[in-house]
Each structure stands twice: as structure tokens, then as C-alpha cells.
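Visitor: Dropping in work.cif, which is mmCIF, C-alpha atoms:
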data_coords
#
loop_
_atom_site.group_PDB
_atom_site.id
_atom_site.type_symbol
_atom_site.label_atom_id
_atom_site.label_comp_id
_atom_site.auth_asym_id
_atom_site.auth_seq_id
_atom_site.Cartn_x
_atom_site.Cartn_y
_atom_site.Cartn_z
ATOM 1 C CA MET A 1 0.000 0.000 0.000
ATOM 2 C CA GLU A 2 1.513 3.310 -1.086
ATOM 3 C CA LEU A 3 0.964 6.804 0.262
ATOM 4 C CA ARG A 4 -0.082 8.137 -3.151
ATOM 5 C CA GLN A 5 -2.758 5.437 -3.369
ATOM 6 C CA LEU A 6 -4.265 6.670 -0.101
ATOM 7 C CA ILE A 7 -4.095 10.283 -1.300
ATOM 8 C CA TYR A 8 -5.783 9.380 -4.592
ATOM 9 C CA PHE A 9 -8.440 7.361 -2.776
ATOM 10 C CA TRP A 10 -9.185 10.228 -0.361
ATOM 11 C CA GLU A 11 -9.412 12.818 -3.134
ATOM 12 C CA VAL A 12 -11.799 10.710 -5.225
ATOM 13 C CA ALA A 13 -13.913 9.878 -2.159
ATOM 14 C CA LYS A 14 -14.180 13.566 -1.318
ATOM 15 C CA ARG A 15 -15.160 14.654 -4.843
ATOM 16 C CA GLU A 16 -16.991 11.513 -6.017
ATOM 17 C CA HIS A 17 -15.493 12.179 -9.434
ATOM 18 C CA VAL A 18 -12.248 10.770 -10.848
ATOM 19 C CA SER A 19 -11.591 13.523 -13.401
ATOM 20 C CA GLU A 20 -12.131 16.294 -10.812
ATOM 21 C CA ALA A 21 -9.741 14.509 -8.432
ATOM 22 C CA ALA A 22 -7.173 14.221 -11.245
ATOM 23 C CA GLU A 23 -7.472 17.934 -11.959
ATOM 24 C CA ALA A 24 -7.044 18.830 -8.288
ATOM 25 C CA LEU A 25 -3.980 16.582 -7.964
ATOM 26 C CA HIS A 26 -2.497 17.624 -11.342
ATOM 27 C CA VAL A 27 -2.147 14.022 -12.523
ATOM 28 C CA ALA A 28 -3.676 12.030 -15.357
ATOM 29 C CA GLN A 29 -7.073 10.476 -14.767
ATOM 30 C CA SER A 30 -5.688 7.115 -15.897
ATOM 31 C CA ALA A 31 -3.019 7.304 -13.181
ATOM 32 C CA ILE A 32 -5.635 7.717 -10.471
ATOM 33 C CA SER A 33 -7.787 4.897 -11.855
ATOM 34 C CA ARG A 34 -4.761 2.595 -12.061
ATOM 35 C CA GLN A 35 -3.579 3.289 -8.508
ATOM 36 C CA ILE A 36 -7.048 2.842 -7.020
ATOM 37 C CA ALA A 37 -7.391 -0.443 -8.931
ATOM 38 C CA ASN A 38 -4.038 -1.542 -7.444
ATOM 39 C CA LEU A 39 -5.245 -0.557 -3.970
ATOM 40 C CA GLU A 40 -8.495 -2.510 -4.427
ATOM 41 C CA ALA A 41 -6.549 -5.527 -5.683
ATOM 42 C CA GLU A 42 -4.256 -5.428 -2.652
ATOM 43 C CA LEU A 43 -7.191 -5.149 -0.239
ATOM 44 C CA GLY A 44 -9.288 -7.667 -2.149
ATOM 45 C CA VAL A 45 -12.386 -5.432 -2.132
ATOM 46 C CA GLU A 46 -14.100 -2.804 -4.284
ATOM 47 C CA LEU A 47 -13.886 0.657 -2.751
ATOM 48 C CA PHE A 48 -15.953 2.540 -5.347
ATOM 49 C CA GLU A 49 -18.944 1.875 -7.556
ATOM 50 C CA ARG A 50 -19.899 3.889 -10.616
ATOM 51 C CA GLU A 51 -22.998 6.060 -10.889
ATOM 52 C CA GLY A 52 -23.031 7.466 -14.396
ATOM 53 C CA ARG A 53 -20.036 9.782 -14.678
ATOM 54 C CA ASN A 54 -19.659 9.889 -10.919
ATOM 55 C CA VAL A 55 -18.395 7.337 -8.432
ATOM 56 C CA LYS A 56 -19.399 6.718 -4.846
ATOM 57 C CA LEU A 57 -17.951 4.691 -2.014
ATOM 58 C CA THR A 58 -19.095 1.148 -1.463
ATOM 59 C CA PRO A 59 -20.075 0.232 2.138
ATOM 60 C CA ILE A 60 -16.559 -1.107 2.744
ATOM 61 C CA GLY A 61 -15.128 2.025 1.119
ATOM 62 C CA ARG A 62 -17.051 4.183 3.598
ATOM 63 C CA HIS A 63 -15.614 2.063 6.401
ATOM 64 C CA PHE A 64 -12.089 2.433 4.994
ATOM 65 C CA LEU A 65 -12.289 6.239 4.544
ATOM 66 C CA PRO A 66 -11.950 7.414 8.198
ATOM 67 C CA HIS A 67 -8.909 5.176 8.650
ATOM 68 C CA VAL A 68 -7.287 6.734 5.583
ATOM 69 C CA GLU A 69 -8.094 10.234 6.885
ATOM 70 C CA THR A 70 -6.483 9.378 10.239
ATOM 71 C CA ALA A 71 -3.373 8.013 8.511
ATOM 72 C CA LEU A 72 -3.008 11.058 6.243
ATOM 73 C CA LYS A 73 -3.427 13.460 9.175
ATOM 74 C CA ALA A 74 -0.770 11.549 11.128
ATOM 75 C CA ILE A 75 1.659 11.738 8.217
ATOM 76 C CA GLU A 76 0.990 15.450 7.702
ATOM 77 C CA HIS A 77 1.495 16.068 11.416
ATOM 78 C CA ALA A 78 4.785 14.138 11.343
ATOM 79 C CA LYS A 79 6.008 16.219 8.378
ATOM 80 C CA GLN A 80 5.028 19.406 10.216
ATOM 81 C CA GLN A 81 6.924 18.333 13.348
ATOM 82 C CA ILE A 82 10.058 17.527 11.366
ATOM 83 C CA GLU A 83 9.942 20.934 9.670
ATOM 84 C CA GLU A 84 9.379 22.708 12.969
ATOM 85 C CA PHE A 85 12.105 20.812 14.820
ATOM 86 C CA LEU A 86 14.429 22.218 12.174
ATOM 87 C CA ASP A 87 13.011 25.720 12.704
ATOM 88 C CA PRO A 88 10.302 26.193 15.405
ATOM 89 C CA GLU A 89 10.078 29.888 14.518
ATOM 90 C CA ARG A 90 8.581 29.153 11.098
ATOM 91 C CA GLY A 91 5.802 26.755 11.974
ATOM 92 C CA THR A 92 2.024 27.117 11.727
ATOM 93 C CA VAL A 93 -0.316 27.097 14.724
ATOM 94 C CA LYS A 94 -3.911 26.007 14.095
ATOM 95 C CA ILE A 95 -6.201 27.646 16.653
ATOM 96 C CA GLY A 96 -9.918 27.313 17.259
ATOM 97 C CA PHE A 97 -12.073 29.850 19.079
ATOM 98 C CA PRO A 98 -15.759 30.665 19.733
ATOM 99 C CA THR A 99 -17.456 33.864 18.606
ATOM 100 C CA SER A 100 -17.467 35.244 22.168
ATOM 101 C CA LEU A 101 -13.646 35.428 22.183
ATOM 102 C CA ALA A 102 -13.210 36.711 18.627
ATOM 103 C CA SER A 103 -13.235 40.474 19.143
ATOM 104 C CA HIS A 104 -10.803 40.926 22.025
ATOM 105 C CA THR A 105 -9.152 37.835 23.528
ATOM 106 C CA MET A 106 -7.864 36.274 20.320
ATOM 107 C CA PRO A 107 -6.482 39.464 18.691
ATOM 108 C CA THR A 108 -4.822 40.488 21.977
ATOM 109 C CA VAL A 109 -2.818 37.306 22.554
ATOM 110 C CA ILE A 110 -1.944 36.682 18.888
ATOM 111 C CA SER A 111 -0.730 40.232 18.251
ATOM 112 C CA ALA A 112 1.429 40.091 21.394
ATOM 113 C CA PHE A 113 2.872 36.732 20.307
ATOM 114 C CA LYS A 114 3.655 38.004 16.800
ATOM 115 C CA VAL A 115 5.835 40.757 18.260
ATOM 116 C CA LYS A 116 8.218 38.114 19.670
ATOM 117 C CA HIS A 117 7.713 35.433 17.008
ATOM 118 C CA PRO A 118 6.983 37.250 13.726
ATOM 119 C CA ASN A 119 7.633 34.264 11.454
ATOM 120 C CA VAL A 120 5.154 31.853 13.050
ATOM 121 C CA SER A 121 1.970 31.581 10.980
ATOM 122 C CA PHE A 122 -1.588 31.067 12.206
ATOM 123 C CA HIS A 123 -4.563 29.192 10.814
ATOM 124 C CA LEU A 124 -7.667 30.312 12.710
ATOM 125 C CA ARG A 125 -11.019 28.557 12.820
ATOM 126 C CA GLN A 126 -14.140 29.817 14.562
ATOM 127 C CA GLY A 127 -16.625 27.229 15.796
ATOM 128 C CA SER A 128 -19.132 26.153 18.400
ATOM 129 C CA TYR A 129 -18.128 24.862 21.829
ATOM 130 C CA LYS A 130 -18.662 21.161 21.046
ATOM 131 C CA TYR A 131 -17.139 21.445 17.577
ATOM 132 C CA LEU A 132 -13.904 22.947 18.926
ATOM 133 C CA ILE A 133 -13.477 20.192 21.510
ATOM 134 C CA GLU A 134 -13.944 17.519 18.843
ATOM 135 C CA ALA A 135 -11.614 19.349 16.423
ATOM 136 C CA VAL A 136 -8.829 19.296 19.023
ATOM 137 C CA LYS A 137 -9.357 15.592 19.670
ATOM 138 C CA LYS A 138 -9.337 14.804 15.931
ATOM 139 C CA ARG A 139 -6.194 16.919 15.412
ATOM 140 C CA GLU A 140 -8.003 19.220 12.986
ATOM 141 C CA ILE A 141 -6.685 22.097 15.116
ATOM 142 C CA ASP A 142 -3.761 22.186 17.531
ATOM 143 C CA LEU A 143 -5.514 23.925 20.401
ATOM 144 C CA ALA A 144 -8.630 25.926 21.180
ATOM 145 C CA PHE A 145 -9.622 28.824 23.392
ATOM 146 C CA LEU A 146 -12.860 28.062 25.232
ATOM 147 C CA GLY A 147 -15.049 29.378 28.008
ATOM 148 C CA PRO A 148 -15.626 27.515 30.232
ATOM 149 C CA ILE A 149 -12.976 24.784 30.140
ATOM 150 C CA PRO A 150 -14.555 21.304 29.871
ATOM 151 C CA THR A 151 -14.046 19.193 32.987
ATOM 152 C CA ASP A 152 -15.609 15.902 31.887
ATOM 153 C CA ASP A 153 -13.540 14.952 28.835
ATOM 154 C CA ASN A 154 -10.590 12.642 29.468
ATOM 155 C CA ASP A 155 -9.085 13.278 26.024
ATOM 156 C CA VAL A 156 -8.358 16.993 26.468
ATOM 157 C CA LYS A 157 -6.252 18.977 28.915
ATOM 158 C CA GLY A 158 -7.482 22.418 29.901
ATOM 159 C CA ASP A 159 -5.673 25.373 31.453
ATOM 160 C CA ILE A 160 -7.702 28.254 32.876
ATOM 161 C CA LEU A 161 -6.334 31.608 31.681
ATOM 162 C CA PHE A 162 -8.751 34.005 33.378
ATOM 163 C CA THR A 163 -12.250 34.320 34.831
ATOM 164 C CA GLU A 164 -14.746 36.911 33.653
ATOM 165 C CA SER A 165 -18.132 38.107 34.845
ATOM 166 C CA PHE A 166 -21.338 38.412 32.842
ATOM 167 C CA ALA A 167 -23.310 41.635 32.610
ATOM 168 C CA ALA A 168 -26.881 42.353 31.591
ATOM 169 C CA LEU A 169 -27.455 44.140 28.289
ATOM 170 C CA LEU A 170 -30.688 46.171 28.161
ATOM 171 C CA PRO A 171 -32.274 48.578 25.671
ATOM 172 C CA HIS A 172 -31.298 52.150 26.609
ATOM 173 C CA ASN A 173 -34.909 53.130 27.370
ATOM 174 C CA HIS A 174 -35.651 50.101 29.548
ATOM 175 C CA PRO A 175 -37.173 50.922 32.985
ATOM 176 C CA LEU A 176 -34.109 49.387 34.682
ATOM 177 C CA ALA A 177 -31.541 51.072 32.408
ATOM 178 C CA HIS A 178 -30.708 53.754 34.998
ATOM 179 C CA LYS A 179 -29.561 51.266 37.658
ATOM 180 C CA LYS A 180 -25.879 50.866 38.584
ATOM 181 C CA SER A 181 -26.297 47.126 39.213
ATOM 182 C CA LEU A 182 -28.993 44.476 39.029
ATOM 183 C CA VAL A 183 -30.214 41.533 41.026
ATOM 184 C CA LEU A 184 -30.975 38.920 38.397
ATOM 185 C CA THR A 185 -34.493 38.320 39.728
ATOM 186 C CA GLU A 186 -35.364 41.836 38.520
ATOM 187 C CA LEU A 187 -35.317 40.383 34.993
ATOM 188 C CA ARG A 188 -37.563 37.406 35.737
ATOM 189 C CA ASN A 189 -40.513 38.803 33.731
ATOM 190 C CA GLU A 190 -38.413 40.176 30.871
ATOM 191 C CA PRO A 191 -38.163 38.542 27.431
ATOM 192 C CA PHE A 192 -34.635 37.203 26.897
ATOM 193 C CA VAL A 193 -32.590 37.099 23.710
ATOM 194 C CA THR A 194 -30.144 34.173 23.757
ATOM 195 C CA PHE A 195 -28.111 31.812 21.657
ATOM 196 C CA PRO A 196 -30.044 28.670 20.648
ATOM 197 C CA GLU A 197 -30.190 25.641 22.915
ATOM 198 C CA GLY A 198 -26.973 23.635 22.580
ATOM 199 C CA TYR A 199 -24.749 26.711 22.691
ATOM 200 C CA ILE A 200 -22.684 27.079 25.851
ATOM 201 C CA LEU A 201 -23.763 30.719 26.400
ATOM 202 C CA HIS A 202 -27.397 29.606 26.289
ATOM 203 C CA LYS A 203 -26.630 27.062 29.004
ATOM 204 C CA ILE A 204 -24.832 29.613 31.207
ATOM 205 C CA VAL A 205 -27.707 32.117 30.968
ATOM 206 C CA HIS A 206 -30.323 29.445 31.644
ATOM 207 C CA GLU A 207 -28.446 28.065 34.669
ATOM 208 C CA ALA A 208 -27.879 31.565 36.089
ATOM 209 C CA CYS A 209 -31.604 32.343 35.886
ATOM 210 C CA GLN A 210 -32.476 29.017 37.488
ATOM 211 C CA GLN A 211 -30.026 29.780 40.296
ATOM 212 C CA ALA A 212 -31.898 33.057 40.786
ATOM 213 C CA GLY A 213 -35.167 31.116 41.057
ATOM 214 C CA PHE A 214 -36.776 31.437 37.626
ATOM 215 C CA SER A 215 -36.644 30.134 34.060
ATOM 216 C CA PRO A 216 -35.919 32.819 31.445
ATOM 217 C CA ILE A 217 -38.646 33.720 28.954
ATOM 218 C CA ILE A 218 -36.865 33.210 25.623
ATOM 219 C CA SER A 219 -38.381 35.567 23.062
ATOM 220 C CA SER A 220 -35.755 35.371 20.305
ATOM 221 C CA GLU A 221 -32.524 33.579 19.441
ATOM 222 C CA GLY A 222 -29.421 34.508 17.456
ATOM 223 C CA GLU A 223 -26.373 32.500 16.428
ATOM 224 C CA ASP A 224 -23.738 35.225 16.744
ATOM 225 C CA LEU A 225 -22.990 38.117 19.069
ATOM 226 C CA ASP A 226 -23.883 40.837 16.593
ATOM 227 C CA ALA A 227 -27.323 39.288 16.135
ATOM 228 C CA ILE A 228 -27.899 39.046 19.895
ATOM 229 C CA LYS A 229 -26.792 42.640 20.470
ATOM 230 C CA GLY A 230 -28.844 43.869 17.520
ATOM 231 C CA LEU A 231 -31.980 42.246 18.914
ATOM 232 C CA VAL A 232 -31.428 43.984 22.245
ATOM 233 C CA SER A 233 -30.872 47.300 20.419
ATOM 234 C CA ALA A 234 -34.193 46.728 18.663
ATOM 235 C CA GLU A 235 -35.880 46.345 22.070
ATOM 236 C CA ILE A 236 -36.779 42.698 21.429
ATOM 237 C CA GLY A 237 -35.454 41.628 24.824
ATOM 238 C CA VAL A 238 -32.579 41.601 27.301
ATOM 239 C CA THR A 239 -29.588 39.293 27.520
ATOM 240 C CA LEU A 240 -26.549 38.316 29.599
ATOM 241 C CA LEU A 241 -23.110 38.363 27.982
ATOM 242 C CA PRO A 242 -19.502 37.963 29.200
ATOM 243 C CA GLU A 243 -17.537 41.161 29.794
ATOM 244 C CA SER A 244 -14.982 40.425 27.049
ATOM 245 C CA THR A 245 -17.707 40.658 24.406
ATOM 246 C CA PHE A 246 -18.201 44.367 25.181
ATOM 247 C CA TYR A 247 -14.637 45.540 24.516
ATOM 248 C CA GLU A 248 -14.840 48.151 21.743
ATOM 249 C CA THR A 249 -18.155 46.700 20.513
ATOM 250 C CA MET A 250 -20.791 48.245 22.786
ATOM 251 C CA PRO A 251 -23.940 48.347 20.617
ATOM 252 C CA ARG A 252 -25.960 51.533 20.098
ATOM 253 C CA PHE A 253 -29.156 52.147 22.055
ATOM 254 C CA THR A 254 -28.163 49.706 24.810
ATOM 255 C CA VAL A 255 -26.757 49.855 28.338
ATOM 256 C CA LYS A 256 -24.567 47.339 30.133
ATOM 257 C CA ILE A 257 -25.321 46.790 33.827
ATOM 258 C CA PRO A 258 -23.307 44.588 36.242
ATOM 259 C CA ILE A 259 -25.170 41.727 37.916
ATOM 260 C CA GLU A 260 -24.907 42.002 41.692
ATOM 261 C CA MET A 261 -26.511 38.682 42.640
ATOM 262 C CA PRO A 262 -26.016 35.882 41.862
ATOM 263 C CA ARG A 263 -22.531 36.345 40.441
ATOM 264 C CA VAL A 264 -22.589 35.039 36.878
ATOM 265 C CA SER A 265 -19.171 34.176 35.494
ATOM 266 C CA ARG A 266 -17.174 31.726 33.425
ATOM 267 C CA ASN A 267 -13.559 30.675 33.248
ATOM 268 C CA VAL A 268 -11.806 31.063 29.911
ATOM 269 C CA GLY A 269 -8.905 28.868 28.966
ATOM 270 C CA ILE A 270 -7.021 26.866 26.402
ATOM 271 C CA ILE A 271 -7.376 23.166 25.601
ATOM 272 C CA ILE A 272 -5.035 20.687 23.941
ATOM 273 C CA SER A 273 -5.267 16.975 23.243
ATOM 274 C CA LYS A 274 -3.861 14.579 25.837
ATOM 275 C CA ASN A 275 -3.175 12.016 23.133
ATOM 276 C CA TYR A 276 -0.819 13.910 20.808
ATOM 277 C CA GLU A 277 2.439 15.741 21.340
ATOM 278 C CA LEU A 278 2.381 19.386 20.343
ATOM 279 C CA ALA A 279 4.594 20.527 17.497
ATOM 280 C CA PRO A 280 7.445 22.841 18.601
ATOM 281 C CA SER A 281 5.883 26.087 17.367
ATOM 282 C CA VAL A 282 2.554 25.118 18.974
ATOM 283 C CA LYS A 283 4.346 24.460 22.260
ATOM 284 C CA VAL A 284 5.913 27.917 22.059
ATOM 285 C CA PHE A 285 2.522 29.563 21.561
ATOM 286 C CA TYR A 286 0.849 27.402 24.218
ATOM 287 C CA GLN A 287 3.404 28.412 26.847
ATOM 288 C CA PHE A 288 3.283 32.044 25.734
ATOM 289 C CA ALA A 289 -0.528 32.194 26.078
ATOM 290 C CA LYS A 290 -0.452 30.793 29.613
ATOM 291 C CA GLU A 291 2.264 33.219 30.709
ATOM 292 C CA PHE A 292 0.638 36.176 28.894
ATOM 293 C CA PHE A 293 -2.691 35.846 30.695
ATOM 294 C CA SER A 294 -1.004 35.041 33.997
ATOM 295 C CA VAL A 295 0.743 38.427 33.832
ATOM 296 C CA LEU A 296 -2.509 40.179 32.839
ATOM 297 C CA GLU A 297 -4.350 38.645 35.796
ATOM 298 C CA LYS A 298 -1.771 40.042 38.232
ATOM 299 C CA TYR A 299 -2.429 43.601 37.066
ATOM 300 C CA GLN A 300 -6.215 43.428 37.015
#
Transcribe the structure of this file into C-alpha cells.
Guide:
Amino acid sequence: MELRQLIYFWEVAKREHVSEAAEALHVAQSAISRQIANLEAELGVELFEREGRNVKLTPIGRHFLPHVETALKAIEHAKQQIEEFLDPERGTVKIGFPTSLASHTMPTVISAFKVKHPNVSFHLRQGSYKYLIEAVKKREIDLAFLGPIPTDDNDVKGDILFTESFAALLPHNHPLAHKKSLVLTELRNEPFVTFPEGYILHKIVHEACQQAGFSPIISSEGEDLDAIKGLVSAEIGVTLLPESTFYETMPRFTVKIPIEMPRVSRNVGIIISKNYELAPSVKVFYQFAKEFFSVLEKYQ
């Protein structure tokens, strides 16, 4: 079994078209067909079946595909580590992050890192809480910033970088908008704007309200921060958001009010896989991030 056979197989499986795979790989279509035939002969099974001009995986081909993807990722990771052992200052760090950390936390730490390590590249991927955890475990990204850090997953290691409070966001003409702080029960009869169920910020808001003795009345939902803030600006409802989401992005026609009781907060940290060794440049960034936020915490 040859590496190029696995690459050809993966490309055809992804595109379900031999000629498109050949074009993407810059090789002759006949070369791909020949190598896949050799692979099928070696395995003693058919991996593809034809459907007109297209091809699709057979049941055994679908079973074979994730193993090929794992093997190709492992080889790519090994190549990356070799390159970075030769020069850790020219590697690439693949980072995942949620929308709530996009406007302040991520730009702050990356820009500070680039001052000391200008030749390290970054590949950034935004995603949901559960997606980022799975992406780290599957080695699709090297590490992820999350809030809060998961405590029930044995395949990831989490380091808390800082803790932040949540504040209430109200329309500027709301009857409570003049207050310097709020007890959460004061919002028990208000319509709430939240992320959909399944999002971690939805869970935090719901649990905070339950701790205060009520279930929030969900009037509207949005899948990103701008949508949530816009709905509050439009007087559709109120919401609770972490403090870091307000840096330089305070929406018009709204007011932010601290929550006095109960204290609503989350830890924010960085996760890595317990099952894979970090590449040298990733290790450098990982250590930098922990030290960077440790220094910030001392001065806050």
C-alpha cells in the first residue's frame, strides 16, 4: 500500500469524481484509476462503484475512509513536526475559538505573540463549543480557546487563563436602564434574547436564571454576538453576555449593567489533546498564552 494510493483514494472519495480529483492533484485520470485499482486488488475489495459519470464509495469504502483520513493526518502532522524541529520559529499554529472570544481575547494574545515570534503563521477557525473540543481531539486544530474549560472529557487537557463576569445588556430606554447594578431576579418577567439551545452561552444564561429562582422567557434567538446585540438594540429583549464581548463593541441604544446577585461568570482557557504531542511552534505559543494571561491577571 503506497501513500499516493491513499491520497488518490481520499481525493476521489471527497469529490466523487475521478476527473475532478485528477485535476485537483495535477495528474492524469488514468493514473488515479490505475492506482485505485491496485489498492483494491491489494485489499481484495471494491472501494468505489460507478454512478453514471460519478463514483461513490461502497459500504466497505465508507468504512475504509476514516482510517485513511487518520493516517493522512498523522503523516501530515509528522512532516510538520520535522519541519518545525528544524526551525520552530517558522511553523504554523492552528487555533480554534468561539465567537465570544473573537473580538478581544484572540487578537490580543496573537498580536502580542507576533511581536516576539513574527515568522510563526496562524490558521484560525471559529466554531461552536462542542465542535472545537472535537476538532482538538481529531487533530483538525492544535488547540482551542474556550469558556468555560470542559471538565468531563478525558481526552483533552485544559488550562484556565482568566475568569470573567457576565453583565446584563438592556435597551437604553428600559425601565431598569438607569440602575448601577442588578439583582438577576429583577429580569424574571423580561423577554430574553439568547443563543439557541446547545450553545454554551445559552446554558450559562439558563443556569444563572435558574439559580436566581426562575426560568428565562426566551423571546428570540441569534447564532452570533452581533445578532444578539442587535436584537437587544431593537428592544426585542434583554440578555446576559460575558464582559470580554463588550470591549470596543458596545452596541448603540443599549446599556450594560453589572449583575450584583447571583454572580454570573465563566472561566476562559485553552485546551489541547492529551493524546498527541504538540509541534514545537505550537508548544511555544501554548506556553506564551499561559504566561501572557497570567501576567494580565496580576495587574487586574
Visitor: Write out as an mmCIF file with C-alpha atoms, keeping the file's coordinate frame which residues come within 9 Å of range 207-221 of chain A when counting only C-alpha atoms, dropping same-chain ones fewer than 3 positions away.
Guide:
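Final output, saved to around_4.cif:
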data_model
loop_
_atom_site.group_PDB
_atom_site.id
_atom_site.type_symbol
_atom_site.label_atom_id
_atom_site.label_comp_id
_atom_site.auth_asym_id
_atom_site.auth_seq_id
_atom_site.Cartn_x
_atom_site.Cartn_y
_atom_site.Cartn_z
ATOM 1 C CA VAL A 183 -30.214 41.533 41.026
ATOM 2 C CA LEU A 184 -30.975 38.920 38.397
ATOM 3 C CA THR A 185 -34.493 38.320 39.728
ATOM 4 C CA LEU A 187 -35.317 40.383 34.993
ATOM 5 C CA ARG A 188 -37.563 37.406 35.737
ATOM 6 C CA ASN A 189 -40.513 38.803 33.731
ATOM 7 C CA GLU A 190 -38.413 40.176 30.871
ATOM 8 C CA PRO A 191 -38.163 38.542 27.431
ATOM 9 C CA PHE A 192 -34.635 37.203 26.897
ATOM 10 C CA VAL A 193 -32.590 37.099 23.710
ATOM 11 C CA THR A 194 -30.144 34.173 23.757
ATOM 12 C CA PHE A 195 -28.111 31.812 21.657
ATOM 13 C CA PRO A 196 -30.044 28.670 20.648
ATOM 14 C CA GLU A 197 -30.190 25.641 22.915
ATOM 15 C CA HIS A 202 -27.397 29.606 26.289
ATOM 16 C CA LYS A 203 -26.630 27.062 29.004
ATOM 17 C CA ILE A 204 -24.832 29.613 31.207
ATOM 18 C CA ALA A 227 -27.323 39.288 16.135
ATOM 19 C CA ILE A 228 -27.899 39.046 19.895
ATOM 20 C CA LEU A 231 -31.980 42.246 18.914
ATOM 21 C CA ILE A 236 -36.779 42.698 21.429
ATOM 22 C CA GLY A 237 -35.454 41.628 24.824
ATOM 23 C CA MET A 261 -26.511 38.682 42.640
ATOM 24 C CA PRO A 262 -26.016 35.882 41.862
ATOM 25 C CA ARG A 263 -22.531 36.345 40.441
ATOM 26 C CA VAL A 264 -22.589 35.039 36.878
#
Visitor: Applied to this file, what does the PyMOL selection byres ((chain A and resi 17) around 10) return in terms of residues, put as a compact mmCIF listing (two decimals) with C-alpha atoms, in the coordinates of the input?
Guide:
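The result, stored in part-v2.txt:
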# COMPACT_ATOMS: atom_id res chain seq x y z
CA GLU A 11 -9.41 12.82 -3.13
CA VAL A 12 -11.80 10.71 -5.22
CA ALA A 13 -13.91 9.88 -2.16
CA LYS A 14 -14.18 13.57 -1.32
CA ARG A 15 -15.16 14.65 -4.84
CA GLU A 16 -16.99 11.51 -6.02
CA VAL A 18 -12.25 10.77 -10.85
CA SER A 19 -11.59 13.52 -13.40
CA GLU A 20 -12.13 16.29 -10.81
CA ALA A 21 -9.74 14.51 -8.43
CA ALA A 22 -7.17 14.22 -11.24
CA ARG A 50 -19.90 3.89 -10.62
CA GLU A 51 -23.00 6.06 -10.89
CA ARG A 53 -20.04 9.78 -14.68
CA ASN A 54 -19.66 9.89 -10.92
CA VAL A 55 -18.40 7.34 -8.43
CA LYS A 56 -19.40 6.72 -4.85
Visitor: Near range 103-110 of chain A, counting all atoms listed in the file, which residues have an atom at most 8 Å away, once you skip same-chain residues fewer than 6 positions from it, shown as a PyMOL selection string?
Guide: chain A and resi 97+244-245+247+289+292
Visitor: Determine, counting all atoms listed in the file, which protein, DNA and RNA residues have an atom within 8 Å of an atom of Pro98 in chain A; residues of the same chain fewer than 3 positions away are not included. Present the result as number ranges by chain.
Guide: A: 101-102, 126-129, 132, 145-146
Visitor: For a test of reading the model, state the distance in Å between CA of Ala78 in chain A and CA of Glu277 in chain A, rounded to one decimal.
Guide: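 Computing the Euclidean distance for CA of Ala78 in chain A and CA of Glu277 in chain A yields 10.4 Å.
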Visitor: Around all listed atoms of range 273-277 of chain A, padded 3 Å per side, what centre and edge lengths does the axis-aligned box have in Å to one decimal, as AutoDock Vina command-line options?
Guide:
--center_x -1.4 --center_y 14.5 --center_z 23.3 --size_x 13.7 --size_y 11.0 --size_z 11.0
Visitor: Rank A:Gly91, A:Pro66, A:Gly44, A:Gly96 by their smallest atom-to-atom distance to Ala135 in chain A, using all atoms listed in the file, and report the top residue only.
Guide: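 Between A:Gly91, A:Pro66, A:Gly44, A:Gly96, the residue approaching Ala135 in chain A most closely is A:Gly96.
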